[in-house]
$ cat upload_33.pdb   # PDB, C-alpha atoms and all ligand atoms
ATOM      1  CA  MET A 732      93.908 116.551 116.940  1.00  0.00           C
ATOM      2  CA  THR A 733      92.942 113.579 114.718  1.00  0.00           C
ATOM      3  CA  PRO A 734      95.886 111.167 114.413  1.00  0.00           C
ATOM      4  CA  SER A 735      97.220 110.749 110.885  1.00  0.00           C
ATOM      5  CA  ARG A 736      96.091 107.538 109.187  1.00  0.00           C
ATOM      6  CA  ARG A 737      98.133 105.469 106.760  1.00  0.00           C
ATOM      7  CA  HIS A 738      95.051 103.615 105.510  1.00  0.00           C
ATOM      8  CA  PRO A 739      92.225 106.071 104.841  1.00  0.00           C
ATOM      9  CA  GLY A 740      88.609 105.017 104.995  1.00  0.00           C
ATOM     10  CA  LEU A 741      88.812 102.782 108.054  1.00  0.00           C
ATOM     11  CA  THR A 742      87.615 105.346 110.575  1.00  0.00           C
ATOM     12  CA  ASP A 743      84.653 103.996 112.557  1.00  0.00           C
ATOM     13  CA  ARG A 744      84.305 100.987 110.298  1.00  0.00           C
ATOM     14  CA  VAL A 745      83.293  97.884 112.224  1.00  0.00           C
ATOM     15  CA  VAL A 746      85.698  95.022 111.568  1.00  0.00           C
ATOM     16  CA  VAL A 747      85.705  91.543 113.110  1.00  0.00           C
ATOM     17  CA  VAL A 748      89.023  89.686 113.264  1.00  0.00           C
ATOM     18  CA  THR A 749      89.048  86.009 114.244  1.00  0.00           C
ATOM     19  CA  GLY A 750      91.935  84.177 115.878  1.00  0.00           C
ATOM     20  CA  ALA A 751      93.155  87.490 117.216  1.00  0.00           C
ATOM     21  CA  ALA A 752      94.353  86.787 120.759  1.00  0.00           C
ATOM     22  CA  GLY A 753      97.908  86.645 119.437  1.00  0.00           C
ATOM     23  CA  GLY A 754     100.026  86.215 116.319  1.00  0.00           C
ATOM     24  CA  GLN A 755      98.942  87.724 113.015  1.00  0.00           C
ATOM     25  CA  GLY A 756      95.338  88.212 114.133  1.00  0.00           C
ATOM     26  CA  ALA A 757      96.345  90.390 117.080  1.00  0.00           C
ATOM     27  CA  ALA A 758      98.687  92.419 114.861  1.00  0.00           C
ATOM     28  CA  GLU A 759      95.873  92.949 112.348  1.00  0.00           C
ATOM     29  CA  ALA A 760      93.381  93.914 115.056  1.00  0.00           C
ATOM     30  CA  VAL A 761      95.742  96.404 116.699  1.00  0.00           C
ATOM     31  CA  LEU A 762      96.696  98.014 113.383  1.00  0.00           C
ATOM     32  CA  LEU A 763      93.068  98.308 112.267  1.00  0.00           C
ATOM     33  CA  ALA A 764      92.142  99.916 115.597  1.00  0.00           C
ATOM     34  CA  ARG A 765      95.079 102.314 115.334  1.00  0.00           C
ATOM     35  CA  GLU A 766      93.810 103.276 111.889  1.00  0.00           C
ATOM     36  CA  GLY A 767      90.450 104.201 113.370  1.00  0.00           C
ATOM     37  CA  ALA A 768      88.364 101.058 112.896  1.00  0.00           C
ATOM     38  CA  ARG A 769      86.079  99.683 115.591  1.00  0.00           C
ATOM     39  CA  VAL A 770      87.576  96.240 115.959  1.00  0.00           C
ATOM     40  CA  ILE A 771      86.002  93.185 117.550  1.00  0.00           C
ATOM     41  CA  ALA A 772      88.682  90.540 118.009  1.00  0.00           C
ATOM     42  CA  THR A 773      87.761  86.936 118.739  1.00  0.00           C
ATOM     43  CA  ASP A 774      89.686  83.832 119.753  1.00  0.00           C
ATOM     44  CA  LEU A 775      89.388  80.721 121.904  1.00  0.00           C
ATOM     45  CA  ALA A 776      91.219  82.166 124.898  1.00  0.00           C
ATOM     46  CA  VAL A 777      89.156  83.700 127.670  1.00  0.00           C
ATOM     47  CA  GLU A 778      91.279  86.846 127.660  1.00  0.00           C
ATOM     48  CA  ALA A 779      93.691  88.481 125.236  1.00  0.00           C
ATOM     49  CA  PRO A 780      96.488  90.355 127.040  1.00  0.00           C
ATOM     50  CA  ALA A 781      98.143  91.130 123.685  1.00  0.00           C
ATOM     51  CA  LEU A 782      95.262  93.494 122.923  1.00  0.00           C
ATOM     52  CA  ALA A 783      95.395  95.391 126.219  1.00  0.00           C
ATOM     53  CA  GLY A 784      95.254  99.147 125.745  1.00  0.00           C
ATOM     54  CA  SER A 785      94.700  98.878 121.996  1.00  0.00           C
ATOM     55  CA  GLY A 786      91.041  99.893 121.998  1.00  0.00           C
ATOM     56  CA  VAL A 787      90.098  96.546 120.493  1.00  0.00           C
ATOM     57  CA  THR A 788      87.023  94.830 121.915  1.00  0.00           C
ATOM     58  CA  TYR A 789      87.770  91.205 122.705  1.00  0.00           C
ATOM     59  CA  ARG A 790      85.330  88.305 122.688  1.00  0.00           C
ATOM     60  CA  SER A 791      86.041  84.665 123.407  1.00  0.00           C
ATOM     61  CA  MET A 792      84.429  82.325 120.872  1.00  0.00           C
ATOM     62  CA  ASP A 793      85.084  79.297 118.696  1.00  0.00           C
ATOM     63  CA  VAL A 794      84.714  80.098 114.988  1.00  0.00           C
ATOM     64  CA  ALA A 795      83.372  76.589 114.411  1.00  0.00           C
ATOM     65  CA  ASP A 796      80.457  77.291 116.752  1.00  0.00           C
ATOM     66  CA  GLU A 797      77.471  78.460 114.721  1.00  0.00           C
ATOM     67  CA  GLY A 798      75.638  79.575 117.854  1.00  0.00           C
ATOM     68  CA  ALA A 799      78.536  81.819 118.857  1.00  0.00           C
ATOM     69  CA  TRP A 800      78.424  83.532 115.465  1.00  0.00           C
ATOM     70  CA  GLY A 801      74.681  84.006 115.834  1.00  0.00           C
ATOM     71  CA  ALA A 802      75.171  85.576 119.250  1.00  0.00           C
ATOM     72  CA  LEU A 803      77.839  87.946 117.913  1.00  0.00           C
ATOM     73  CA  ALA A 804      75.665  88.912 114.957  1.00  0.00           C
ATOM     74  CA  ALA A 805      72.729  89.591 117.283  1.00  0.00           C
ATOM     75  CA  GLU A 806      74.929  91.727 119.503  1.00  0.00           C
ATOM     76  CA  LEU A 807      76.143  93.794 116.561  1.00  0.00           C
ATOM     77  CA  ALA A 808      72.710  94.147 114.981  1.00  0.00           C
ATOM     78  CA  GLY A 809      71.284  97.615 115.291  1.00  0.00           C
ATOM     79  CA  GLY A 810      74.729  99.213 115.367  1.00  0.00           C
ATOM     80  CA  PRO A 811      76.753 100.354 112.366  1.00  0.00           C
ATOM     81  CA  PRO A 812      77.047  97.650 109.700  1.00  0.00           C
ATOM     82  CA  VAL A 813      79.997  95.277 109.823  1.00  0.00           C
ATOM     83  CA  ARG A 814      82.304  96.413 107.020  1.00  0.00           C
ATOM     84  CA  GLY A 815      84.979  93.784 107.310  1.00  0.00           C
ATOM     85  CA  LEU A 816      85.567  90.245 108.483  1.00  0.00           C
ATOM     86  CA  VAL A 817      89.126  88.927 108.703  1.00  0.00           C
ATOM     87  CA  ASN A 818      88.879  85.140 108.786  1.00  0.00           C
ATOM     88  CA  ASN A 819      92.289  84.749 110.331  1.00  0.00           C
ATOM     89  CA  ALA A 820      91.648  81.887 112.781  1.00  0.00           C
ATOM     90  CA  GLY A 821      93.202  78.720 111.510  1.00  0.00           C
ATOM     91  CA  ILE A 822      94.868  75.532 112.620  1.00  0.00           C
ATOM     92  CA  THR A 823      97.152  72.996 111.060  1.00  0.00           C
ATOM     93  CA  HIS A 824      97.512  69.329 111.847  1.00  0.00           C
ATOM     94  CA  ARG A 825     100.521  67.551 110.448  1.00  0.00           C
ATOM     95  CA  ALA A 826     100.565  63.790 110.201  1.00  0.00           C
ATOM     96  CA  ARG A 827     101.508  61.147 107.668  1.00  0.00           C
ATOM     97  CA  LEU A 828      98.591  60.367 105.400  1.00  0.00           C
ATOM     98  CA  GLY A 829      98.114  56.914 106.831  1.00  0.00           C
ATOM     99  CA  ALA A 830      98.065  58.290 110.361  1.00  0.00           C
ATOM    100  CA  VAL A 831      95.528  61.086 109.915  1.00  0.00           C
ATOM    101  CA  ALA A 832      92.748  60.594 112.453  1.00  0.00           C
ATOM    102  CA  ARG A 833      89.268  61.449 111.284  1.00  0.00           C
ATOM    103  CA  THR A 834      88.673  63.672 114.336  1.00  0.00           C
ATOM    104  CA  ASP A 835      91.761  65.770 113.537  1.00  0.00           C
ATOM    105  CA  TRP A 836      90.747  66.054 109.860  1.00  0.00           C
ATOM    106  CA  ASP A 837      87.234  67.117 110.831  1.00  0.00           C
ATOM    107  CA  ARG A 838      88.507  69.723 113.298  1.00  0.00           C
ATOM    108  CA  VAL A 839      90.802  71.333 110.710  1.00  0.00           C
ATOM    109  CA  LEU A 840      87.933  71.585 108.247  1.00  0.00           C
ATOM    110  CA  ALA A 841      85.562  72.838 110.949  1.00  0.00           C
ATOM    111  CA  VAL A 842      87.891  75.700 111.893  1.00  0.00           C
ATOM    112  CA  ASN A 843      89.533  76.585 108.567  1.00  0.00           C
ATOM    113  CA  VAL A 844      86.623  76.061 106.189  1.00  0.00           C
ATOM    114  CA  THR A 845      83.320  75.872 108.037  1.00  0.00           C
ATOM    115  CA  GLY A 846      84.355  78.568 110.515  1.00  0.00           C
ATOM    116  CA  ALA A 847      85.080  81.030 107.722  1.00  0.00           C
ATOM    117  CA  MET A 848      81.782  80.251 106.026  1.00  0.00           C
ATOM    118  CA  LEU A 849      79.826  80.630 109.262  1.00  0.00           C
ATOM    119  CA  GLY A 850      81.397  84.042 109.847  1.00  0.00           C
ATOM    120  CA  ILE A 851      80.520  85.238 106.372  1.00  0.00           C
ATOM    121  CA  GLN A 852      77.028  83.829 106.719  1.00  0.00           C
ATOM    122  CA  ALA A 853      76.437  85.492 110.083  1.00  0.00           C
ATOM    123  CA  LEU A 854      77.965  88.902 109.407  1.00  0.00           C
ATOM    124  CA  ALA A 855      78.066  89.634 105.726  1.00  0.00           C
ATOM    125  CA  MET A 856      74.404  91.209 105.525  1.00  0.00           C
ATOM    126  CA  ARG A 857      72.333  91.140 102.430  1.00  0.00           C
ATOM    127  CA  ALA A 858      72.855  94.922 102.543  1.00  0.00           C
ATOM    128  CA  ALA A 859      76.433  94.600 101.278  1.00  0.00           C
ATOM    129  CA  GLN A 860      75.223  92.509  98.336  1.00  0.00           C
ATOM    130  CA  LEU A 861      72.571  95.089  97.490  1.00  0.00           C
ATOM    131  CA  ASP A 862      75.206  97.848  97.646  1.00  0.00           C
ATOM    132  CA  LEU A 863      76.770  96.145  94.617  1.00  0.00           C
ATOM    133  CA  THR A 864      73.523  95.531  92.741  1.00  0.00           C
ATOM    134  CA  PRO A 865      72.443  98.402  90.490  1.00  0.00           C
ATOM    135  CA  LEU A 866      68.770  97.376  90.600  1.00  0.00           C
ATOM    136  CA  GLU A 867      68.968  97.500  94.437  1.00  0.00           C
ATOM    137  CA  ARG A 868      66.921  94.406  95.124  1.00  0.00           C
ATOM    138  CA  THR A 869      67.305  90.661  95.137  1.00  0.00           C
ATOM    139  CA  GLY A 870      65.929  88.662  92.244  1.00  0.00           C
ATOM    140  CA  GLU A 871      62.740  86.654  92.260  1.00  0.00           C
ATOM    141  CA  ALA A 872      62.673  82.955  91.467  1.00  0.00           C
ATOM    142  CA  GLU A 873      60.135  83.687  88.735  1.00  0.00           C
ATOM    143  CA  GLU A 874      62.630  86.013  87.031  1.00  0.00           C
ATOM    144  CA  VAL A 875      65.148  83.209  86.754  1.00  0.00           C
ATOM    145  CA  ALA A 876      62.400  80.870  85.564  1.00  0.00           C
ATOM    146  CA  GLU A 877      61.609  83.309  82.740  1.00  0.00           C
ATOM    147  CA  MET A 878      65.221  83.079  81.531  1.00  0.00           C
ATOM    148  CA  VAL A 879      65.198  79.282  81.728  1.00  0.00           C
ATOM    149  CA  ALA A 880      61.977  79.102  79.717  1.00  0.00           C
ATOM    150  CA  PHE A 881      63.354  81.561  77.153  1.00  0.00           C
ATOM    151  CA  LEU A 882      66.575  79.598  76.703  1.00  0.00           C
ATOM    152  CA  LEU A 883      64.668  76.362  76.199  1.00  0.00           C
ATOM    153  CA  SER A 884      62.209  77.905  73.760  1.00  0.00           C
ATOM    154  CA  ASP A 885      62.438  78.372  69.992  1.00  0.00           C
ATOM    155  CA  ALA A 886      62.918  82.094  70.653  1.00  0.00           C
ATOM    156  CA  ALA A 887      66.463  81.254  71.762  1.00  0.00           C
ATOM    157  CA  ALA A 888      67.110  78.789  68.947  1.00  0.00           C
ATOM    158  CA  TYR A 889      70.310  80.554  67.915  1.00  0.00           C
ATOM    159  CA  VAL A 890      71.603  81.196  71.460  1.00  0.00           C
ATOM    160  CA  THR A 891      74.223  78.702  72.530  1.00  0.00           C
ATOM    161  CA  GLY A 892      77.165  78.675  74.904  1.00  0.00           C
ATOM    162  CA  ALA A 893      76.117  82.008  76.367  1.00  0.00           C
ATOM    163  CA  GLU A 894      76.163  82.968  80.011  1.00  0.00           C
ATOM    164  CA  ILE A 895      73.281  85.314  80.746  1.00  0.00           C
ATOM    165  CA  PRO A 896      73.361  86.717  84.285  1.00  0.00           C
ATOM    166  CA  VAL A 897      69.983  87.274  85.929  1.00  0.00           C
ATOM    167  CA  ASP A 898      71.434  89.366  88.733  1.00  0.00           C
ATOM    168  CA  GLY A 899      70.163  92.940  88.647  1.00  0.00           C
ATOM    169  CA  GLY A 900      73.409  94.129  87.061  1.00  0.00           C
ATOM    170  CA  PHE A 901      75.642  92.769  89.832  1.00  0.00           C
ATOM    171  CA  ALA A 902      78.232  91.123  87.576  1.00  0.00           C
ATOM    172  CA  SER A 903      78.287  93.585  84.698  1.00  0.00           C
ATOM    173  CA  SER A 904      78.609  96.667  86.915  1.00  0.00           C
ATOM    174  CA  ALA A 905      81.860  95.348  88.445  1.00  0.00           C
ATOM    175  CA  GLY A 906      81.423  97.334  91.639  1.00  0.00           C
ATOM    176  CA  ALA A 907      80.719 100.612  89.852  1.00  0.00           C
ATOM    177  CA  LYS A 908      77.540 101.169  91.885  1.00  0.00           C
ATOM    178  CA  VAL A 909      79.430 101.448  95.164  1.00  0.00           C
ATOM    179  CA  LEU A 910      81.827 103.973  93.637  1.00  0.00           C
ATOM    180  CA  SER A 911      79.108 106.062  92.025  1.00  0.00           C
ATOM    181  CA  ASP A 912      77.032 105.986  95.233  1.00  0.00           C
ATOM    182  CA  ARG A 913      80.030 107.182  97.217  1.00  0.00           C
ATOM    183  CA  LEU A 914      80.731 109.976  94.719  1.00  0.00           C
ATOM    184  CA  ARG A 915      77.098 111.032  94.878  1.00  0.00           C
ATOM    185  CA  ASP A 916      77.183 111.055  98.682  1.00  0.00           C
ATOM    186  CA  ASP A 917      80.366 113.143  98.655  1.00  0.00           C
ATOM    187  CA  VAL A 918      78.890 115.673  96.225  1.00  0.00           C
ATOM    188  CA  VAL A 919      75.229 115.938  97.184  1.00  0.00           C
ATOM    189  CA  GLY A 920      75.153 114.098 100.502  1.00  0.00           C
ATOM    190  CA  PRO A 921      73.591 110.724 101.405  1.00  0.00           C
TER     191      PRO A 921
HETATM  192  N1  LIG B   1     102.422  82.208 110.269  1.00  0.00           N
HETATM  193  C1  LIG B   1     102.510  81.618 109.090  1.00  0.00           C
HETATM  194  O1  LIG B   1     103.599  81.408 108.539  1.00  0.00           O
HETATM  195  C2  LIG B   1     101.267  81.202 108.325  1.00  0.00           C
HETATM  196  C3  LIG B   1     101.389  80.657 107.072  1.00  0.00           C
HETATM  197  C4  LIG B   1     100.238  80.310 106.366  1.00  0.00           C
HETATM  198  C5  LIG B   1      99.000  80.489 106.950  1.00  0.00           C
HETATM  199  N2  LIG B   1      98.912  81.016 108.181  1.00  0.00           N
HETATM  200  C6  LIG B   1      97.590  81.190 108.749  1.00  0.00           C
HETATM  201  O2  LIG B   1      97.425  82.556 109.148  1.00  0.00           O
HETATM  202  C7  LIG B   1      96.641  82.606 110.341  1.00  0.00           C
HETATM  203  C8  LIG B   1      97.387  83.321 111.433  1.00  0.00           C
HETATM  204  O3  LIG B   1      98.660  82.744 111.594  1.00  0.00           O
HETATM  205  P1  LIG B   1      99.464  82.824 112.964  1.00  0.00           P
HETATM  206  O4  LIG B   1     100.872  82.495 112.660  1.00  0.00           O
HETATM  207  O5  LIG B   1      99.161  84.108 113.658  1.00  0.00           O
HETATM  208  O6  LIG B   1      98.828  81.572 113.705  1.00  0.00           O
HETATM  209  P2  LIG B   1      98.554  81.362 115.237  1.00  0.00           P
HETATM  210  O7  LIG B   1      98.425  79.894 115.431  1.00  0.00           O
HETATM  211  O8  LIG B   1      99.550  82.089 116.071  1.00  0.00           O
HETATM  212  O9  LIG B   1      97.150  82.083 115.434  1.00  0.00           O
HETATM  213  C9  LIG B   1      95.951  81.483 115.058  1.00  0.00           C
HETATM  214  C10 LIG B   1      94.944  81.888 116.106  1.00  0.00           C
HETATM  215  O10 LIG B   1      93.710  81.264 115.774  1.00  0.00           O
HETATM  216  C11 LIG B   1      93.137  80.849 116.982  1.00  0.00           C
HETATM  217  N3  LIG B   1      92.182  79.789 116.764  1.00  0.00           N
HETATM  218  C12 LIG B   1      92.442  78.493 116.463  1.00  0.00           C
HETATM  219  N4  LIG B   1      91.311  77.805 116.389  1.00  0.00           N
HETATM  220  C13 LIG B   1      90.312  78.687 116.652  1.00  0.00           C
HETATM  221  C14 LIG B   1      88.905  78.553 116.716  1.00  0.00           C
HETATM  222  N5  LIG B   1      88.300  77.379 116.539  1.00  0.00           N
HETATM  223  N6  LIG B   1      88.179  79.642 117.024  1.00  0.00           N
HETATM  224  C15 LIG B   1      88.789  80.842 117.220  1.00  0.00           C
HETATM  225  N7  LIG B   1      90.102  81.016 117.157  1.00  0.00           N
HETATM  226  C16 LIG B   1      90.861  79.941 116.870  1.00  0.00           C
HETATM  227  C17 LIG B   1      94.288  80.380 117.839  1.00  0.00           C
HETATM  228  O11 LIG B   1      93.933  80.356 119.210  1.00  0.00           O
HETATM  229  C18 LIG B   1      95.331  81.418 117.502  1.00  0.00           C
HETATM  230  O12 LIG B   1      95.311  82.527 118.398  1.00  0.00           O
HETATM  231  C19 LIG B   1      96.299  81.167 110.709  1.00  0.00           C
HETATM  232  O13 LIG B   1      95.035  80.847 110.157  1.00  0.00           O
HETATM  233  C20 LIG B   1      97.379  80.383 110.015  1.00  0.00           C
HETATM  234  O14 LIG B   1      96.987  79.063 109.718  1.00  0.00           O
HETATM  235  C21 LIG B   1     100.009  81.374 108.884  1.00  0.00           C
END

$ encode --input "upload_33.pdb" --output "structure tokens" --more "lines below"
Ligand SMILES: NC(=O)c1ccc[n+]([C@@H]2O[C@H](COP(=O)([O-])OP(=O)(O)OC[C@H]3O[C@@H](n4cnc5c(N)ncnc54)[C@H](O)[C@@H]3O)[C@@H](O)[C@H]2O)c1
Amino acid sequence: MTPSRRHPGLTDRVVVVTGAAGGQGAAEAVLLAREGARVIATDLAVEAPALAGSGVTYRSMDVADEGAWGALAAELAGGPPVRGLVNNAGITHRARLGAVARTDWDRVLAVNVTGAMLGIQALAMRAAQLDLTPLERTGEAEEVAEMVAFLLSDAAAYVTGAEIPVDGGFASSAGAKVLSDRLRDDVVGP
């Protein structure tokens, strides 16, 4: 019998949780797995006893290591798309302003800021962006150039202070494409 889920829609979704050998990250990973997600938990530690028996896959890696993200992305490529990334890994370093060492400052930024960006960059696939773009393709540089030329021309002499997105409907659709695609799939199939 399928266990009851408190958070529908997570079944079989691939989710990566960083900083998940313990603390909040481990709690998030275990809950997501219990709700049916396929969870890959990462942290610095070689092993994560807190995740034992939870069904979570554990991988040791440093979020500030771009190569490690590349390796994880390569490993996941070809499988189901990654549907979620929880950038939970984080560190703090407390010191009086005058005593902050540059190495400590750099490490906090590398983990808390760069690490999150690297994860998004490695895992968040172009496909997710296109899911939200009604015209279902990325824009061409020439298409942006056309708008720039128009705005600078006499044809736009009375246009001022306007923001004109050249984004295939991404901004104006406000996520409606994903919803309508899902409704269509539910009614007529993918
Ligand atoms: N607990 C709180 O009150 C609180 C408040 C505000 C923010 N946060 C943030 O929420 C997150 C989770 O909090 P927590 O209390 O569970 O913290 P925690 O310190 O127990 O857990 C953070 C985890 O991140 C891991 N980590 C650190 N650097 C890493 C790196 N370079 N690569 C991979 N993993 C790394 C650590 O090993 C640790 O397991 C942290 O980012 C923390 O800064 C927590």

$ residues_around --input "upload_33.pdb" --residues "A:Arg769" --least-positions-apart "6" --cutoff "10 Å" --atoms "only C-alpha atoms" --output "JSON, numbers by chain"
{"A": [741, 742, 743, 744, 745, 746, 747, 760, 763, 786, 787, 788, 811, 813, 814]}

$ closest_residue --input "upload_33.pdb" --among "A:Glu874, A:Glu797, A:Asp835, A:Glu894" --to "A:Thr823" --atoms "all atoms listed in the file"
A:Asp835

$ residues_near_ligand --input "upload_33.pdb" --ligand "ligand LIG 1 (chain B)" --cutoff "8 Å" --atoms "all atoms listed in the file" --output "PyMOL selection string"
chain A and resi 749-757+773-776+791-796+818-823+841-843+846

$ closest_residue --input "upload_33.pdb" --among "A:Glu766, A:Phe881, A:Leu914, A:Val761" --to "A:Gly740" --atoms "only C-alpha atoms"
A:Glu766

$ closest_residue --input "upload_33.pdb" --among "A:Leu866, A:Ala907, A:Leu807, A:Leu882" --to "A:Leu854" --atoms "only C-alpha atoms"
A:Leu807

$ closest_residue --input "upload_33.pdb" --among "A:Tyr789, A:Thr869, A:Phe901, A:Arg915" --to "A:Arg857" --atoms "all atoms listed in the file"
A:Thr869

$ resolve_selection --input "upload_33.pdb" --expression "the PyMOL selection byres (((chain A and resi 909) around 10) and not hetatm)" --output "PyMOL selection string"
chain A and resi 859+861-865+904-908+910-915

$ closest_residue --input "upload_33.pdb" --among "A:Val918, A:Leu849, A:Val817, A:Val897" --to "A:Leu803" --atoms "only C-alpha atoms"
A:Leu849

$ atom_distance --input "upload_33.pdb" --atom1 "atom CA of A:Thr845" --atom2 "atom CA of A:Pro896"
27.9 Å

$ residues_near_point --input "upload_33.pdb" --point "(86.1, 91.3, 114.1)" --cutoff "6 Å" --atoms "all atoms listed in the file" --output "number ranges by chain"
A: 746-748, 770-772, 816

$ closest_residue --input "upload_33.pdb" --among "A:Asp917, A:Arg833, A:Gln852, A:Glu877" --to "A:Ala804" --atoms "only C-alpha atoms"
A:Gln852

$ atom_distance --input "upload_33.pdb" --atom1 "atom CA of A:Gly815" --atom2 "atom CA of A:Ala858"
13.1 Å

$ atom_distance --input "upload_33.pdb" --atom1 "atom CA of A:Glu873" --atom2 "atom CA of A:Gly900"
17.0 Å

$ axis_aligned_box --input "upload_33.pdb" --around "stretch 790-794 of chain A" --padding-each-side "4 Å" --output "JSON"
{"center_x": 85.2, "center_y": 83.8, "center_z": 119.2, "size_x": 9.6, "size_y": 17.0, "size_z": 16.4}

$ build_atoms --input "upload_33.pdb" --residues "stretch 874-892 of chain A" --atoms "N, CA and C atoms" --output "PDB file, in the coordinates of the input"
ATOM      1  N   GLU A 874      61.823  85.316  88.029  1.00  0.00           N
ATOM      2  CA  GLU A 874      62.630  86.013  87.031  1.00  0.00           C
ATOM      3  C   GLU A 874      63.705  85.091  86.447  1.00  0.00           C
ATOM      4  N   VAL A 875      64.201  84.208  87.266  1.00  0.00           N
ATOM      5  CA  VAL A 875      65.148  83.209  86.754  1.00  0.00           C
ATOM      6  C   VAL A 875      64.391  82.198  85.891  1.00  0.00           C
ATOM      7  N   ALA A 876      63.204  81.831  86.328  1.00  0.00           N
ATOM      8  CA  ALA A 876      62.400  80.870  85.564  1.00  0.00           C
ATOM      9  C   ALA A 876      62.105  81.396  84.157  1.00  0.00           C
ATOM     10  N   GLU A 877      61.864  82.705  84.054  1.00  0.00           N
ATOM     11  CA  GLU A 877      61.609  83.309  82.740  1.00  0.00           C
ATOM     12  C   GLU A 877      62.803  83.091  81.807  1.00  0.00           C
ATOM     13  N   MET A 878      64.013  83.251  82.347  1.00  0.00           N
ATOM     14  CA  MET A 878      65.221  83.079  81.531  1.00  0.00           C
ATOM     15  C   MET A 878      65.383  81.617  81.123  1.00  0.00           C
ATOM     16  N   VAL A 879      65.098  80.709  82.043  1.00  0.00           N
ATOM     17  CA  VAL A 879      65.198  79.282  81.728  1.00  0.00           C
ATOM     18  C   VAL A 879      64.220  78.923  80.618  1.00  0.00           C
ATOM     19  N   ALA A 880      62.989  79.407  80.731  1.00  0.00           N
ATOM     20  CA  ALA A 880      61.977  79.102  79.717  1.00  0.00           C
ATOM     21  C   ALA A 880      62.380  79.692  78.362  1.00  0.00           C
ATOM     22  N   PHE A 881      62.905  80.923  78.401  1.00  0.00           N
ATOM     23  CA  PHE A 881      63.354  81.561  77.153  1.00  0.00           C
ATOM     24  C   PHE A 881      64.457  80.747  76.477  1.00  0.00           C
ATOM     25  N   LEU A 882      65.445  80.329  77.276  1.00  0.00           N
ATOM     26  CA  LEU A 882      66.575  79.598  76.703  1.00  0.00           C
ATOM     27  C   LEU A 882      66.162  78.251  76.121  1.00  0.00           C
ATOM     28  N   LEU A 883      65.124  77.659  76.692  1.00  0.00           N
ATOM     29  CA  LEU A 883      64.668  76.362  76.199  1.00  0.00           C
ATOM     30  C   LEU A 883      63.670  76.486  75.046  1.00  0.00           C
ATOM     31  N   SER A 884      63.240  77.708  74.782  1.00  0.00           N
ATOM     32  CA  SER A 884      62.209  77.905  73.760  1.00  0.00           C
ATOM     33  C   SER A 884      62.824  78.125  72.380  1.00  0.00           C
ATOM     34  N   ASP A 885      61.976  78.093  71.355  1.00  0.00           N
ATOM     35  CA  ASP A 885      62.438  78.372  69.992  1.00  0.00           C
ATOM     36  C   ASP A 885      62.939  79.801  69.851  1.00  0.00           C
ATOM     37  N   ALA A 886      62.479  80.694  70.727  1.00  0.00           N
ATOM     38  CA  ALA A 886      62.918  82.094  70.653  1.00  0.00           C
ATOM     39  C   ALA A 886      64.427  82.211  70.851  1.00  0.00           C
ATOM     40  N   ALA A 887      65.012  81.228  71.522  1.00  0.00           N
ATOM     41  CA  ALA A 887      66.463  81.254  71.762  1.00  0.00           C
ATOM     42  C   ALA A 887      67.175  80.213  70.904  1.00  0.00           C
ATOM     43  N   ALA A 888      66.581  79.880  69.766  1.00  0.00           N
ATOM     44  CA  ALA A 888      67.110  78.789  68.947  1.00  0.00           C
ATOM     45  C   ALA A 888      68.558  79.016  68.513  1.00  0.00           C
ATOM     46  N   TYR A 889      68.952  80.275  68.399  1.00  0.00           N
ATOM     47  CA  TYR A 889      70.310  80.554  67.915  1.00  0.00           C
ATOM     48  C   TYR A 889      71.233  81.001  69.062  1.00  0.00           C
ATOM     49  N   VAL A 890      70.778  80.853  70.300  1.00  0.00           N
ATOM     50  CA  VAL A 890      71.603  81.196  71.460  1.00  0.00           C
ATOM     51  C   VAL A 890      72.240  79.920  71.978  1.00  0.00           C
ATOM     52  N   THR A 891      73.548  79.888  72.006  1.00  0.00           N
ATOM     53  CA  THR A 891      74.223  78.702  72.530  1.00  0.00           C
ATOM     54  C   THR A 891      75.545  79.095  73.173  1.00  0.00           C
ATOM     55  N   GLY A 892      75.884  78.411  74.233  1.00  0.00           N
ATOM     56  CA  GLY A 892      77.165  78.675  74.904  1.00  0.00           C
ATOM     57  C   GLY A 892      77.237  80.028  75.561  1.00  0.00           C
TER      58      GLY A 892
END
